[in-house]
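Listing of coords_9.txt; format and content: compact mmCIF, C-alpha atoms.
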```
# COMPACT_ATOMS: atom_id res chain seq x y z
CA MET A 1 0.00 0.00 0.00
CA LYS A 2 1.24 3.49 -0.91
CA THR A 3 2.10 5.92 1.87
CA CYS A 4 1.46 9.62 2.02
CA LEU A 5 2.75 12.35 4.33
CA ILE A 6 0.55 15.41 4.68
CA VAL A 7 2.45 18.48 5.85
CA ASP A 8 0.38 21.52 6.82
CA ASP A 9 0.08 23.67 9.91
CA SER A 10 -3.71 23.73 9.59
CA ARG A 11 -5.41 20.86 11.36
CA VAL A 12 -8.46 21.31 9.11
CA ILE A 13 -6.42 21.01 5.91
CA ARG A 14 -4.62 17.93 7.26
CA LYS A 15 -7.97 16.33 8.02
CA VAL A 16 -9.52 17.15 4.64
CA ALA A 17 -6.44 15.98 2.75
CA ARG A 18 -6.26 12.78 4.80
CA GLN A 19 -9.86 11.95 3.87
CA ILE A 20 -9.11 12.45 0.18
CA PHE A 21 -5.94 10.33 0.24
CA GLU A 22 -7.45 7.57 2.35
CA ALA A 23 -10.38 7.37 -0.09
CA ILE A 24 -7.84 6.83 -2.88
CA GLY A 25 -6.23 4.06 -0.84
CA TYR A 26 -3.17 5.70 0.69
CA VAL A 27 -1.94 5.12 4.22
CA CYS A 28 -1.49 8.61 5.68
CA GLU A 29 0.68 10.28 8.24
CA ASP A 30 0.71 13.97 8.92
CA ALA A 31 3.02 16.66 10.25
CA GLU A 32 2.31 20.23 11.37
CA ASN A 33 5.57 21.72 10.07
CA GLY A 34 8.63 20.95 7.98
CA GLN A 35 10.77 19.85 10.92
CA VAL A 36 8.26 17.25 12.11
CA ALA A 37 7.92 16.09 8.49
CA LEU A 38 11.70 15.84 8.06
CA ASP A 39 12.02 13.73 11.21
CA ALA A 40 9.26 11.44 9.88
CA CYS A 41 11.09 11.14 6.55
CA LYS A 42 14.36 10.26 8.29
CA ALA A 43 12.54 7.41 10.02
CA LYS A 44 10.78 6.23 6.86
CA LEU A 45 10.36 7.83 3.46
CA PRO A 46 6.77 8.02 2.20
CA ASP A 47 5.81 7.53 -1.47
CA PHE A 48 4.10 10.87 -1.65
CA ILE A 49 4.25 14.20 0.20
CA LEU A 50 1.60 16.93 0.13
CA LEU A 51 3.44 20.05 1.27
CA ASP A 52 2.26 23.44 2.51
CA TRP A 53 4.63 26.38 1.98
CA ASN A 54 4.14 28.76 4.91
CA MET A 55 4.54 26.98 8.24
CA PRO A 56 6.19 27.80 11.58
CA VAL A 57 9.53 26.21 12.66
CA MET A 58 10.46 24.98 9.15
CA ASN A 59 8.64 26.03 6.01
CA GLY A 60 7.87 23.87 3.00
CA MET A 61 10.72 25.12 0.85
CA GLU A 62 13.32 24.50 3.59
CA PHE A 63 11.85 21.04 4.11
CA LEU A 64 12.02 20.24 0.38
CA HIS A 65 15.71 21.21 0.19
CA ALA A 66 16.49 19.07 3.27
CA LEU A 67 14.43 16.13 1.99
CA ARG A 68 16.21 16.00 -1.36
CA GLN A 69 19.56 15.79 0.51
CA LEU A 70 18.49 12.66 2.43
CA PRO A 71 19.59 9.22 1.18
CA GLY A 72 16.75 8.20 -1.18
CA GLY A 73 15.22 11.63 -0.65
CA ASP A 74 14.82 12.13 -4.39
CA ARG A 75 12.31 9.28 -4.52
CA PRO A 76 9.11 10.66 -2.91
CA SER A 77 6.83 12.69 -5.18
CA VAL A 78 6.36 16.10 -3.62
CA VAL A 79 3.35 18.24 -4.44
CA PHE A 80 3.21 21.74 -3.00
CA CYS A 81 -0.25 22.72 -1.75
CA THR A 82 -0.28 26.36 -0.81
CA THR A 83 -2.13 29.67 -0.97
CA GLU A 84 0.88 31.11 -2.84
CA ASN A 85 -0.60 31.37 -6.32
CA ASP A 86 1.79 33.41 -8.42
CA LEU A 87 4.02 32.27 -11.22
CA GLY A 88 7.17 33.16 -9.24
CA HIS A 89 6.36 30.77 -6.41
CA ILE A 90 5.36 28.00 -8.82
CA GLN A 91 8.65 28.34 -10.70
CA GLU A 92 10.67 28.45 -7.49
CA ALA A 93 8.97 25.29 -6.23
CA MET A 94 9.47 23.37 -9.47
CA GLY A 95 13.07 24.55 -9.61
CA ALA A 96 13.66 23.20 -6.11
CA GLY A 97 12.51 19.75 -7.14
CA ALA A 98 8.77 19.72 -6.47
CA ASN A 99 6.88 17.36 -8.80
CA GLU A 100 3.62 19.27 -8.94
CA TYR A 101 1.94 22.32 -7.50
CA ILE A 102 -1.55 22.91 -6.13
CA MET A 103 -2.94 26.35 -5.37
CA LYS A 104 -5.39 26.37 -2.48
CA PRO A 105 -8.29 25.93 -2.29
CA PHE A 106 -8.24 22.40 -3.69
CA ASP A 107 -10.70 19.53 -3.93
CA ALA A 108 -10.55 15.78 -4.46
CA ASP A 109 -10.66 16.17 -8.26
CA ILE A 110 -7.58 18.37 -8.30
CA ILE A 111 -5.64 15.96 -6.10
CA ARG A 112 -6.71 12.93 -8.13
CA GLY A 113 -5.75 14.72 -11.34
CA LYS A 114 -2.27 15.52 -10.07
CA LEU A 115 -1.77 11.92 -8.88
CA GLU A 116 -2.84 10.67 -12.32
CA GLN A 117 -0.36 12.95 -14.06
CA LEU A 118 2.40 11.74 -11.78
CA GLY A 119 1.43 8.17 -12.70
CA LEU A 120 0.61 7.32 -9.09
CA ILE A 121 -2.97 6.28 -9.79
CA GLU A 122 -4.78 5.01 -12.88
CA ASN A 123 -7.54 7.09 -14.37
CA MET B 124 -42.62 20.96 -9.99
CA LYS B 125 -45.86 19.89 -11.65
CA PRO B 126 -45.49 16.91 -13.98
CA GLU B 127 -46.97 18.86 -16.89
CA ASP B 128 -44.43 21.68 -16.35
CA PHE B 129 -41.57 19.19 -16.24
CA GLU B 130 -42.94 17.69 -19.45
CA LEU B 131 -43.05 21.11 -21.11
CA PHE B 132 -39.46 22.02 -20.19
CA SER B 133 -37.98 18.62 -20.95
CA THR B 134 -39.73 18.45 -24.35
CA LEU B 135 -38.42 21.89 -25.25
CA VAL B 136 -34.85 20.99 -24.22
CA LYS B 137 -35.05 17.66 -26.07
CA GLN B 138 -36.25 19.30 -29.29
CA ARG B 139 -33.59 21.95 -29.28
CA SER B 140 -30.57 20.10 -27.95
CA GLY B 141 -31.32 16.38 -27.97
CA LEU B 142 -30.73 16.28 -24.23
CA VAL B 143 -33.05 13.76 -22.60
CA LEU B 144 -34.17 14.78 -19.12
CA THR B 145 -35.67 11.96 -17.11
CA PRO B 146 -38.03 12.75 -14.20
CA GLU B 147 -35.30 12.01 -11.64
CA LYS B 148 -33.43 15.01 -13.08
CA ALA B 149 -36.25 17.31 -11.93
CA TYR B 150 -34.04 18.75 -9.19
CA LEU B 151 -31.39 19.68 -11.76
CA LEU B 152 -34.02 21.31 -13.91
CA GLU B 153 -35.27 23.33 -10.97
CA SER B 154 -31.88 24.51 -9.79
CA ARG B 155 -30.76 25.50 -13.28
CA LEU B 156 -34.00 27.08 -14.47
CA PHE B 157 -34.66 29.23 -11.45
CA PRO B 158 -32.04 31.85 -12.46
CA VAL B 159 -33.60 31.88 -15.95
CA ALA B 160 -37.03 32.61 -14.48
CA ARG B 161 -35.54 35.45 -12.44
CA LYS B 162 -33.81 36.89 -15.49
CA HIS B 163 -37.14 36.98 -17.32
CA SER B 164 -38.92 38.52 -14.31
CA LEU B 165 -41.01 35.42 -13.71
CA LYS B 166 -41.66 34.57 -10.08
CA SER B 167 -41.61 30.80 -10.33
CA LEU B 168 -41.03 27.92 -12.72
CA GLU B 169 -44.79 27.52 -12.82
CA ASP B 170 -45.08 31.11 -14.09
CA MET B 171 -42.35 30.38 -16.61
CA ALA B 172 -44.22 27.32 -17.89
CA GLN B 173 -47.40 29.36 -18.22
CA SER B 174 -45.60 32.12 -20.03
CA LEU B 175 -44.20 29.57 -22.48
CA ARG B 176 -47.60 28.07 -23.10
CA ALA B 177 -48.99 31.52 -23.85
CA ARG B 178 -46.16 32.50 -26.15
CA ARG B 179 -43.16 30.54 -27.46
CA GLU B 180 -40.76 33.39 -26.89
CA GLU B 181 -37.40 32.69 -28.53
CA THR B 182 -35.13 34.35 -25.95
CA LEU B 183 -36.80 32.42 -23.14
CA MET B 184 -36.56 29.11 -24.99
CA PHE B 185 -32.92 29.89 -25.82
CA ASP B 186 -32.07 30.64 -22.18
CA ILE B 187 -33.79 27.49 -20.92
CA THR B 188 -31.90 25.28 -23.37
CA GLU B 189 -28.65 27.05 -22.61
CA ALA B 190 -29.11 26.60 -18.86
CA MET B 191 -29.74 22.88 -19.20
CA THR B 192 -26.91 22.06 -21.57
CA THR B 193 -23.86 23.67 -20.02
CA ASN B 194 -21.53 21.14 -18.52
CA GLU B 195 -18.35 21.24 -16.57
CA SER B 196 -15.17 20.47 -18.41
CA PHE B 197 -11.56 19.78 -17.47
CA PHE B 198 -8.29 20.20 -19.30
CA PHE B 199 -7.01 16.82 -20.49
CA ARG B 200 -10.19 15.28 -19.13
CA ASP B 201 -9.61 11.52 -18.68
CA GLN B 202 -6.06 11.88 -20.08
CA LYS B 203 -6.22 8.66 -22.15
CA PRO B 204 -7.89 10.22 -25.22
CA PHE B 205 -5.14 12.84 -25.27
CA THR B 206 -2.38 10.26 -25.04
CA LEU B 207 -4.16 8.47 -27.89
CA PHE B 208 -4.21 11.70 -29.89
CA GLN B 209 -0.52 12.40 -29.28
CA LYS B 210 0.89 8.89 -29.61
CA THR B 211 -1.38 7.26 -32.19
CA LEU B 212 -3.64 9.60 -34.16
CA LEU B 213 -1.16 12.42 -34.85
CA PRO B 214 1.65 10.08 -36.01
CA ARG B 215 -0.81 8.20 -38.24
CA LEU B 216 -2.09 11.43 -39.85
CA LEU B 217 1.45 12.78 -40.25
CA THR B 218 1.93 9.85 -42.61
CA ALA B 219 -1.53 9.75 -44.17
CA ARG B 220 -1.67 13.50 -44.83
CA ALA B 221 1.99 14.00 -45.77
CA ALA B 222 1.05 15.30 -49.24
CA LYS B 223 -1.51 17.83 -48.01
CA LYS B 224 0.22 18.75 -44.75
CA GLN B 225 -3.11 19.69 -43.22
CA ILE B 226 -5.04 18.15 -40.33
CA ARG B 227 -8.49 19.31 -39.30
CA ILE B 228 -9.76 18.54 -35.82
CA TRP B 229 -13.24 19.11 -34.46
CA SER B 230 -14.04 19.34 -30.78
CA ALA B 231 -17.81 18.82 -30.82
CA ALA B 232 -19.66 20.05 -27.75
CA ALA B 233 -16.56 21.98 -26.79
CA SER B 234 -18.10 23.51 -23.66
CA SER B 235 -15.76 26.17 -22.26
CA GLY B 236 -12.96 25.09 -24.58
CA GLN B 237 -10.68 22.95 -22.40
CA GLU B 238 -10.68 19.97 -24.75
CA ALA B 239 -9.85 22.06 -27.83
CA TYR B 240 -7.09 23.94 -25.99
CA SER B 241 -5.70 20.68 -24.59
CA LEU B 242 -5.38 19.41 -28.18
CA ALA B 243 -3.73 22.68 -29.17
CA MET B 244 -1.22 22.33 -26.30
CA ILE B 245 -0.34 18.84 -27.51
CA CYS B 246 0.22 20.23 -31.02
CA ALA B 247 2.48 22.88 -29.48
CA GLU B 248 4.43 20.12 -27.69
CA GLU B 249 4.80 18.35 -31.04
CA ALA B 250 5.68 21.57 -32.89
CA ALA B 251 8.95 20.16 -34.27
CA LYS B 252 7.10 17.41 -36.17
CA LEU B 253 4.36 19.78 -37.32
CA GLN B 254 6.57 22.40 -38.94
CA GLY B 255 5.08 23.42 -42.27
CA TRP B 256 1.75 21.81 -41.38
CA LYS B 257 -1.59 23.54 -41.08
CA ILE B 258 -3.51 22.31 -38.05
CA ASP B 259 -7.10 23.51 -37.70
CA ILE B 260 -8.79 22.95 -34.38
CA ILE B 261 -12.43 23.95 -34.30
CA GLY B 262 -14.62 23.82 -31.22
CA THR B 263 -18.38 24.08 -31.38
CA ASP B 264 -20.97 24.25 -28.66
CA LEU B 265 -24.69 24.72 -28.51
CA SER B 266 -24.31 27.32 -25.79
CA ARG B 267 -23.53 30.88 -26.87
CA GLU B 268 -22.28 31.66 -23.38
CA MET B 269 -19.83 28.73 -23.51
CA VAL B 270 -18.55 29.73 -26.96
CA THR B 271 -17.95 33.28 -25.77
CA ARG B 272 -16.11 32.00 -22.70
CA ALA B 273 -14.07 29.53 -24.71
CA LYS B 274 -12.92 32.28 -27.07
CA THR B 275 -11.56 34.38 -24.20
CA GLY B 276 -9.45 31.48 -22.98
CA ILE B 277 -9.79 32.75 -19.42
CA TYR B 278 -10.11 30.20 -16.64
CA SER B 279 -10.36 30.29 -12.87
CA GLN B 280 -7.60 29.02 -10.61
CA PHE B 281 -9.79 26.01 -9.91
CA GLU B 282 -10.23 25.19 -13.59
CA VAL B 283 -6.56 25.47 -14.51
CA GLN B 284 -5.69 22.90 -11.87
CA ARG B 285 -8.15 20.26 -12.92
CA GLY B 286 -6.29 17.90 -15.17
CA LEU B 287 -3.67 20.45 -16.25
CA PRO B 288 -0.06 19.69 -15.29
CA VAL B 289 1.53 22.72 -13.62
CA THR B 290 4.32 22.67 -16.21
CA HIS B 291 1.66 23.31 -18.88
CA LEU B 292 0.17 26.08 -16.78
CA VAL B 293 3.53 27.82 -16.62
CA LYS B 294 4.26 27.28 -20.30
CA TYR B 295 0.91 27.99 -21.94
CA PHE B 296 -0.94 30.39 -19.63
CA GLN B 297 -0.43 33.84 -18.26
CA GLN B 298 -1.79 35.00 -14.95
CA ILE B 299 -4.05 37.99 -15.61
CA ALA B 300 -5.34 38.44 -12.07
CA GLY B 301 -4.74 36.66 -8.76
CA ASP B 302 -7.01 33.74 -9.54
CA LYS B 303 -7.55 34.13 -13.29
CA TRP B 304 -5.36 32.61 -15.97
CA GLN B 305 -5.54 33.10 -19.71
CA ILE B 306 -4.33 30.79 -22.48
CA LYS B 307 -1.42 32.47 -24.26
CA ASP B 308 -2.09 33.97 -27.68
CA ASN B 309 -0.04 31.42 -29.61
CA ILE B 310 -2.29 28.60 -28.33
CA ARG B 311 -5.48 30.63 -28.58
CA GLN B 312 -4.76 31.40 -32.23
CA MET B 313 -4.65 27.68 -33.01
CA VAL B 314 -8.29 27.20 -32.07
CA GLN B 315 -11.55 28.63 -33.39
CA PHE B 316 -14.87 28.44 -31.57
CA ARG B 317 -18.34 28.66 -33.05
CA GLU B 318 -21.92 28.04 -32.06
CA GLY B 319 -23.15 24.77 -33.43
CA ASN B 320 -25.90 22.26 -32.77
CA LEU B 321 -25.23 18.54 -33.20
CA LEU B 322 -28.88 18.00 -34.11
CA THR B 323 -28.87 20.40 -37.04
CA ASP B 324 -26.09 21.72 -39.23
CA PHE B 325 -23.18 21.41 -36.74
CA GLY B 326 -22.25 25.06 -37.36
CA VAL B 327 -19.07 23.97 -39.19
CA ALA B 328 -18.17 22.37 -42.47
CA GLY B 329 -16.04 19.25 -42.72
CA PRO B 330 -14.09 17.29 -43.56
CA PHE B 331 -12.54 16.57 -40.16
CA ASP B 332 -9.71 14.08 -39.80
CA ILE B 333 -10.33 13.75 -36.08
CA VAL B 334 -13.59 14.32 -34.23
CA PHE B 335 -13.71 14.47 -30.43
CA CYS B 336 -17.33 14.05 -29.38
CA ARG B 337 -17.15 13.00 -25.77
CA ASN B 338 -19.83 12.76 -23.11
CA VAL B 339 -22.55 14.17 -25.34
CA LEU B 340 -24.18 11.07 -26.82
CA ILE B 341 -24.94 9.77 -23.34
CA TYR B 342 -27.56 12.49 -23.03
CA PHE B 343 -29.36 11.50 -26.25
CA ASP B 344 -31.93 8.77 -26.84
CA LEU B 345 -31.05 5.93 -29.21
CA PRO B 346 -32.56 7.31 -32.47
CA THR B 347 -30.85 10.66 -31.85
CA LYS B 348 -27.50 8.95 -31.18
CA THR B 349 -27.81 7.02 -34.43
CA ARG B 350 -28.69 10.13 -36.39
CA VAL B 351 -25.88 12.23 -34.90
CA LEU B 352 -23.28 9.51 -35.50
CA ALA B 353 -24.40 9.20 -39.14
CA ALA B 354 -24.12 12.97 -39.57
CA ILE B 355 -20.64 13.03 -37.98
CA ASN B 356 -19.61 10.22 -40.30
CA GLY B 357 -20.76 12.44 -43.15
CA VAL B 358 -18.18 15.13 -42.32
CA MET B 359 -15.26 12.69 -41.95
CA PRO B 360 -12.99 11.16 -44.59
CA PRO B 361 -13.02 7.33 -44.74
CA ASP B 362 -9.75 7.23 -42.76
CA GLY B 363 -10.79 9.72 -40.08
CA PHE B 364 -10.94 9.08 -36.34
CA LEU B 365 -13.81 9.51 -33.93
CA VAL B 366 -13.15 9.72 -30.20
CA LEU B 367 -16.11 9.15 -27.86
CA GLY B 368 -16.39 9.35 -24.07
CA GLY B 369 -15.58 6.41 -21.84
CA ALA B 370 -19.24 5.54 -21.23
CA GLU B 371 -20.21 5.78 -24.90
CA THR B 372 -20.07 3.34 -27.80
CA VAL B 373 -21.24 2.89 -31.39
CA LEU B 374 -22.07 -0.74 -30.71
CA GLY B 375 -25.76 -1.30 -31.33
CA VAL B 376 -26.12 2.39 -32.16
CA SER B 377 -24.55 2.95 -35.55
CA ASP B 378 -22.87 0.84 -38.22
CA ALA B 379 -21.23 3.91 -39.76
CA PHE B 380 -18.32 3.38 -37.34
CA LYS B 381 -16.50 0.42 -35.89
CA ILE B 382 -14.55 -0.11 -32.70
CA VAL B 383 -10.74 -0.20 -32.73
CA THR B 384 -9.85 -3.10 -30.48
CA GLY B 385 -7.43 -2.17 -27.71
CA GLU B 386 -7.95 1.58 -28.11
CA HIS B 387 -10.72 2.46 -25.72
CA GLY B 388 -12.94 5.25 -27.00
CA LEU B 389 -11.54 5.23 -30.56
CA TYR B 390 -13.75 4.54 -33.57
CA VAL B 391 -13.10 4.52 -37.30
CA GLY B 392 -15.26 4.47 -40.40
CA ALA B 393 -16.73 1.08 -41.35
CA SER B 394 -14.42 0.73 -44.37
CA PHE B 395 -11.18 1.66 -42.56
CA ASP B 396 -8.48 -1.01 -42.43
CA VAL B 397 -7.45 -1.05 -38.78
CA ALA B 398 -4.19 -2.82 -39.66
CA GLN B 399 -2.97 0.49 -41.13
CA LEU B 400 -3.18 2.02 -37.69
CA ALA B 401 -1.14 -0.75 -36.12
CA ALA B 402 1.49 -0.27 -38.84
CA THR B 403 2.17 3.37 -37.85
CA LYS B 404 2.59 2.59 -34.18
```
Give the structure from the file, written as structure tokens.
Amino acid sequence: MKTCLIVDDSRVIRKVARQIFEAIGYVCEDAENGQVALDACKAKLPDFILLDWNMPVMNGMEFLHALRQLPGGDRPSVVFCTTENDLGHIQEAMGAGANEYIMKPFDADIIRGKLEQLGLIEN
Amino acid sequence: MKPEDFELFSTLVKQRSGLVLTPEKAYLLESRLFPVARKHSLKSLEDMAQSLRARREETLMFDITEAMTTNESFFFRDQKPFTLFQKTLLPRLLTARAAKKQIRIWSAAASSGQEAYSLAMICAEEAAKLQGWKIDIIGTDLSREMVTRAKTGIYSQFEVQRGLPVTHLVKYFQQIAGDKWQIKDNIRQMVQFREGNLLTDFGVAGPFDIVFCRNVLIYFDLPTKTRVLAAINGVMPPDGFLVLGGAETVLGVSDAFKIVTGEHGLYVGASFDVAQLAATK
């Protein structure tokens, strides 16, 4: 079974995202900031990471840089999921090694679509 | 809603668009027609039905049909038909049309234009192979509002995320406001949109090498499906390709087309030699 790490400082977003991913068949863990997420990744790398940008302690971009330095850290698919919705942020994220980018608000269709494009689920 | 009012509205919509509304769709009818009633200063759907019985006013009938036939659309909806277009149909036509160097594509029931623009983006991705070629992509829709929207190429933040890879968003769109994105001119210029009704004259002249007609036939009854498929066949060359939606088929509906085994959703004219397709792959 595929595993997913949901990283967002909003409890509501984590809950909504978890419901969507569990419905698709993922086993989910979540983290309220980049540092907690990085610790989780050091213990065990997930297949997929849904990543907020603005978070206390360690933000999404710092987490992404740290993740890609870990042994095997290039393997998980990382999809930013953030209120930052300008071209500059999208380009920065993709340049830093994100695989996809979601601008909040999102719904199940958007998430499913991104997973399909990444080849993680069949359509 | 009174059964006779439902009957009146559904008959009107069926005549003008082919869309079959079954009684369990009454809720949809109510939610979509209420804004139309308001626009025409009618207090209720009952008043609207009465008004129609008194006088078959064209603008009211137009608005009712329009309200019932607009559907949501995604970029690269279902993905597979687009992979089929890029990997199978385009290469085949690059060979078959090498003398003419022209390919004409019709997105029937184009809605707000996502399908037609998705095809245009694929052509842009394949630009190297298409140098010197003339690619016409024409989208038609019954709804004037949808055609107007499609022409602008402006989509909400929500719409540009549904089915569209972010790399395509960056490459083929420009952000015109915080949550509005517009297809870039070079892609927009590849596509034309027109009003057209599948039940009448289509609004465009063939021939079309490829016809995308997805998720429309499902709303028609059997005789209408048969008639529309025959008419589509009439605007396609014998070696053209028809792409239908995942829940649609020609089987038991029309013998103008036949199924291509192993290519879900792809249909060819009855006389087409499917082996030719395999040879290009």
* Could you please determine the separation between atom CA of B:Val136 and atom CA of B:Leu389 in Å, to one decimal place? => 28.8 Å
* 10 Å contacts from chain A to chain B using only C-alpha atoms, as a PyMOL selection string -> chain A and resi 84-88+90-91+94+99-118+122-123
* Please provide as a VMD selection string all residues within 6 Å of stretch 352-360 of chain B, with the sequence filter that same-chain residues fewer than 5 positions apart are discarded (counting all atoms listed in the file). => chain B and resid 329 to 331
* Excluding A:Ile13 and any residue of its chain fewer than 5 positions from it, enumerate the residues within 12 Å of it, using only C-alpha atoms, and give them as a PyMOL selection string. => chain A and resi 6-8+18-20+30-32+50-52+81-83+104-107
Residues from the last selection, C-alpha atoms, saved as a short mmCIF file (atom, residue, chain, number, x, y, z; two decimals), in the coordinates of the input:
```cif
data_model
loop_
_atom_site.label_atom_id
_atom_site.label_comp_id
_atom_site.auth_asym_id
_atom_site.auth_seq_id
_atom_site.Cartn_x
_atom_site.Cartn_y
_atom_site.Cartn_z
CA ILE A 6 0.55 15.41 4.68
CA VAL A 7 2.45 18.48 5.85
CA ASP A 8 0.38 21.52 6.82
CA ARG A 18 -6.26 12.78 4.80
CA GLN A 19 -9.86 11.95 3.87
CA ILE A 20 -9.11 12.45 0.18
CA ASP A 30 0.71 13.97 8.92
CA ALA A 31 3.02 16.66 10.25
CA GLU A 32 2.31 20.23 11.37
CA LEU A 50 1.60 16.93 0.13
CA LEU A 51 3.44 20.05 1.27
CA ASP A 52 2.26 23.44 2.51
CA CYS A 81 -0.25 22.72 -1.75
CA THR A 82 -0.28 26.36 -0.81
CA THR A 83 -2.13 29.67 -0.97
CA LYS A 104 -5.39 26.37 -2.48
CA PRO A 105 -8.29 25.93 -2.29
CA PHE A 106 -8.24 22.40 -3.69
CA ASP A 107 -10.70 19.53 -3.93
#
```
* Which residues, written as a ChimeraX atom specification, have at least one atom at most 7 Å from B:Val270, with all atoms listed in the file counted and residues fewer than 6 positions away on the same chain left out? -> /B:235,264,316-318
* Structure fact -> Between atom CA of A:Ile121 and atom CA of A:Leu70 lies a distance of 25.5 Å
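For the residues A:Leu38, A:Val12, A:Ile24, A:Cys4, ranking by smallest atom-to-atom distance to A:Glu62 using all atoms listed in the file places A:Leu38 first.
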* Asked: From the list B:Thr206, B:Thr211, B:Thr192, B:Asn309, which residue is nearest B:Leu156 when using only C-alpha atoms?
  -> B:Thr192
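Closest approach to A:Asp9 from the set A:Asn54, A:Ser77, A:Gln35, A:Gln69 is made by A:Asn54, with distances taken over only C-alpha atoms.
Remark: for A:Thr3, the closest of the candidate residues A:Ala66, A:Ile49, A:Ala43, A:Val57 is A:Ile49 (distances computed over only C-alpha atoms).
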* To do: Check the smallest atom-to-atom distance from each of B:Met171, B:Glu189, B:Gln138, B:Ala233 to B:Arg155 using all atoms listed in the file, then report the winner.
  => B:Glu189
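One distance worth recording is that between atom CA of B:Glu147 and atom CA of B:Glu127, which is 14.5 Å.
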Give me the residues near A:Leu45 as a PDB file with C-alpha atoms, in the frame of the given file, where near means some atom within 12 Å (using all atoms listed in the file) and where sequence neighbours in that chain fewer than 4 positions away do not count.
```
ATOM      1  CA  LYS A   2       1.240   3.490  -0.910  1.00  0.00           C
ATOM      2  CA  THR A   3       2.100   5.920   1.870  1.00  0.00           C
ATOM      3  CA  CYS A   4       1.460   9.620   2.020  1.00  0.00           C
ATOM      4  CA  LEU A   5       2.750  12.350   4.330  1.00  0.00           C
ATOM      5  CA  GLU A  29       0.680  10.280   8.240  1.00  0.00           C
ATOM      6  CA  ALA A  37       7.920  16.090   8.490  1.00  0.00           C
ATOM      7  CA  LEU A  38      11.700  15.840   8.060  1.00  0.00           C
ATOM      8  CA  ASP A  39      12.020  13.730  11.210  1.00  0.00           C
ATOM      9  CA  ALA A  40       9.260  11.440   9.880  1.00  0.00           C
ATOM     10  CA  CYS A  41      11.090  11.140   6.550  1.00  0.00           C
ATOM     11  CA  ILE A  49       4.250  14.200   0.200  1.00  0.00           C
ATOM     12  CA  LEU A  67      14.430  16.130   1.990  1.00  0.00           C
ATOM     13  CA  ARG A  68      16.210  16.000  -1.360  1.00  0.00           C
ATOM     14  CA  LEU A  70      18.490  12.660   2.430  1.00  0.00           C
ATOM     15  CA  PRO A  71      19.590   9.220   1.180  1.00  0.00           C
ATOM     16  CA  GLY A  72      16.750   8.200  -1.180  1.00  0.00           C
ATOM     17  CA  GLY A  73      15.220  11.630  -0.650  1.00  0.00           C
ATOM     18  CA  ASP A  74      14.820  12.130  -4.390  1.00  0.00           C
ATOM     19  CA  ARG A  75      12.310   9.280  -4.520  1.00  0.00           C
ATOM     20  CA  PRO A  76       9.110  10.660  -2.910  1.00  0.00           C
ATOM     21  CA  SER A  77       6.830  12.690  -5.180  1.00  0.00           C
ATOM     22  CA  VAL A  78       6.360  16.100  -3.620  1.00  0.00           C
TER      23      VAL A  78
END
```
